[in-house]
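Student: Take a look at this one; I'll ask things after.
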Amino acid sequence: MGRTSTTAEPQKRDAGTKLAQQRLSVLELAKELGNVAEACRQRGLDRTSFYEWKRRFQTQGFEGLKDLPPIHKSHPQTTPPETVERIRALALAHPAYGCNR
């Protein structure tokens with residue numbers, strides 16, 4: 001009760017911002033220690049992830065440390081299911097046709 005924050009950060013942060021802040025703290029720890037391997041060991045992560053976050057931070061800033069949007073499970077040029085069913089029916093009806101016919 002009655003706690004006030006001395007930092008300029010907003011009180012409520014979304015999950016993406018919290019995750020990005022944690023990743024930024026790993027980058028800062030590595031800079032402070034001067035040793036990437038030791039910083040990764042202390043935080044329990046692999047160096048591949050560290051260097052990916054570092055590259056994203058250098059190119060996109062703080063926003064680059066947030067999770068990327070999910071990859072869609074369907075491709076926009078996927079053959080419609082009705083067409084797939086027609087091809088299957090044709091292949092079963094005429095097994096000797098092959099793919100070129």
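Labels for the structure tokens follow display order: chains A, B, ..., residues from 1 in each chain, ligands from 1.
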Hey, what does DSSP flag as alpha helix (DSSP H) within chain A? Can you give it to me as a count of residues only?

Tutor: 54

Student: Looking at A:Gly44, A:Gly98, A:Gly34, A:Gly61, which one is nearest to Ala20 of chain A, with distances taken over only C-alpha atoms?

Tutor: A:Gly61

Student: Report as a tab-separated table the residues of segment 5-50 of chain A within 12 Å of segment 65-77 of chain A, each with its shortest atom pair and distance in Å (one decimal), using only C-alpha atoms, ordered by chain and increasing residue number.

Tutor:
residue	atom	partner	partner_atom	distance
A:Asp14	CA	A:Lys66	CA	10.6
A:Ala15	CA	A:Lys66	CA	9.1
A:Gly16	CA	A:Lys66	CA	5.4
A:Thr17	CA	A:Lys66	CA	6.6
A:Lys18	CA	A:Lys66	CA	8.7
A:Leu19	CA	A:Lys66	CA	6.6
A:Ala20	CA	A:Leu65	CA	4.8
A:Gln21	CA	A:Leu65	CA	7.9
A:Gln22	CA	A:Leu65	CA	9.1
A:Arg23	CA	A:Leu65	CA	6.6
A:Leu24	CA	A:Leu65	CA	7.3
A:Ser25	CA	A:Leu65	CA	10.8
A:Val26	CA	A:Leu65	CA	11.1
A:Leu27	CA	A:Leu65	CA	10.5
A:Ser49	CA	A:Leu65	CA	10.9
A:Phe50	CA	A:Leu65	CA	10.5

Student: Would you output that residue set with N, CA, C and O atoms, as an mmCIF file, in the first residue's frame?

Tutor:
data_model
loop_
_atom_site.group_PDB
_atom_site.id
_atom_site.type_symbol
_atom_site.label_atom_id
_atom_site.label_comp_id
_atom_site.auth_asym_id
_atom_site.auth_seq_id
_atom_site.Cartn_x
_atom_site.Cartn_y
_atom_site.Cartn_z
ATOM 1 N N ASP A 14 2.770 -5.880 -20.565
ATOM 2 C CA ASP A 14 2.260 -7.125 -21.125
ATOM 3 C C ASP A 14 3.362 -8.175 -21.117
ATOM 4 O O ASP A 14 4.523 -7.891 -20.839
ATOM 5 N N ALA A 15 2.985 -9.417 -21.414
ATOM 6 C CA ALA A 15 3.930 -10.530 -21.360
ATOM 7 C C ALA A 15 5.090 -10.343 -22.338
ATOM 8 O O ALA A 15 6.229 -10.682 -22.033
ATOM 9 N N GLY A 16 4.802 -9.808 -23.523
ATOM 10 C CA GLY A 16 5.855 -9.593 -24.519
ATOM 11 C C GLY A 16 6.908 -8.609 -24.043
ATOM 12 O O GLY A 16 8.100 -8.792 -24.276
ATOM 13 N N THR A 17 6.458 -7.559 -23.371
ATOM 14 C CA THR A 17 7.390 -6.554 -22.859
ATOM 15 C C THR A 17 8.236 -7.125 -21.728
ATOM 16 O O THR A 17 9.438 -6.860 -21.646
ATOM 17 N N LYS A 18 7.619 -7.933 -20.851
ATOM 18 C CA LYS A 18 8.380 -8.551 -19.765
ATOM 19 C C LYS A 18 9.449 -9.481 -20.315
ATOM 20 O O LYS A 18 10.584 -9.486 -19.842
ATOM 21 N N LEU A 19 9.086 -10.265 -21.316
ATOM 22 C CA LEU A 19 10.043 -11.189 -21.923
ATOM 23 C C LEU A 19 11.182 -10.423 -22.589
ATOM 24 O O LEU A 19 12.349 -10.769 -22.453
ATOM 25 N N ALA A 20 10.843 -9.358 -23.292
ATOM 26 C CA ALA A 20 11.869 -8.545 -23.947
ATOM 27 C C ALA A 20 12.796 -7.910 -22.908
ATOM 28 O O ALA A 20 14.008 -7.816 -23.133
ATOM 29 N N GLN A 21 12.243 -7.498 -21.771
ATOM 30 C CA GLN A 21 13.066 -6.909 -20.712
ATOM 31 C C GLN A 21 14.030 -7.942 -20.137
ATOM 32 O O GLN A 21 15.188 -7.639 -19.863
ATOM 33 N N GLN A 22 13.580 -9.190 -19.984
ATOM 34 C CA GLN A 22 14.458 -10.256 -19.497
ATOM 35 C C GLN A 22 15.587 -10.513 -20.492
ATOM 36 O O GLN A 22 16.740 -10.696 -20.109
ATOM 37 N N ARG A 23 15.254 -10.530 -21.761
ATOM 38 C CA ARG A 23 16.273 -10.765 -22.789
ATOM 39 C C ARG A 23 17.279 -9.624 -22.818
ATOM 40 O O ARG A 23 18.474 -9.840 -22.981
ATOM 41 N N LEU A 24 16.782 -8.406 -22.653
ATOM 42 C CA LEU A 24 17.670 -7.247 -22.618
ATOM 43 C C LEU A 24 18.602 -7.324 -21.407
ATOM 44 O O LEU A 24 19.782 -6.967 -21.502
ATOM 45 N N SER A 25 18.093 -7.825 -20.294
ATOM 46 C CA SER A 25 18.937 -7.934 -19.098
ATOM 47 C C SER A 25 20.072 -8.927 -19.322
ATOM 48 O O SER A 25 21.169 -8.744 -18.786
ATOM 49 N N VAL A 26 19.837 -9.975 -20.117
ATOM 50 C CA VAL A 26 20.909 -10.924 -20.435
ATOM 51 C C VAL A 26 21.972 -10.238 -21.289
ATOM 52 O O VAL A 26 23.172 -10.412 -21.069
ATOM 53 N N LEU A 27 21.530 -9.433 -22.251
ATOM 54 C CA LEU A 27 22.484 -8.700 -23.090
ATOM 55 C C LEU A 27 23.315 -7.738 -22.245
ATOM 56 O O LEU A 27 24.531 -7.618 -22.431
ATOM 57 N N SER A 49 20.820 -18.621 -28.799
ATOM 58 C CA SER A 49 19.704 -17.717 -28.524
ATOM 59 C C SER A 49 20.222 -16.313 -28.205
ATOM 60 O O SER A 49 19.657 -15.312 -28.650
ATOM 61 N N PHE A 50 21.301 -16.255 -27.425
ATOM 62 C CA PHE A 50 21.865 -14.958 -27.063
ATOM 63 C C PHE A 50 22.237 -14.162 -28.310
ATOM 64 O O PHE A 50 21.889 -12.988 -28.433
#

Student: What does the structure give for the distance between atom CA of Glu52 of chain A and atom CA of Arg13 of chain A, in Å to one decimal?

Tutor: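 Atom-to-atom, atom CA of Glu52 of chain A and atom CA of Arg13 of chain A are spaced 23.4 Å apart.
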
Student: Can you list, as a list in words, every protein, DNA or RNA residue that comes within 10 Å of Ala39 of chain A when you count only C-alpha atoms, leaving out same-chain residues fewer than 2 positions away?

Tutor: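 The residues satisfying every condition are Ser25, Val26, Leu27, Glu28, Leu29, Ala30, Lys31, Glu32, Leu33, Gly34, Asn35, Val36, Ala37, Arg41, Gln42, Arg43, Gly44, Leu45, Asp46, Arg47 and Phe50 of chain A.
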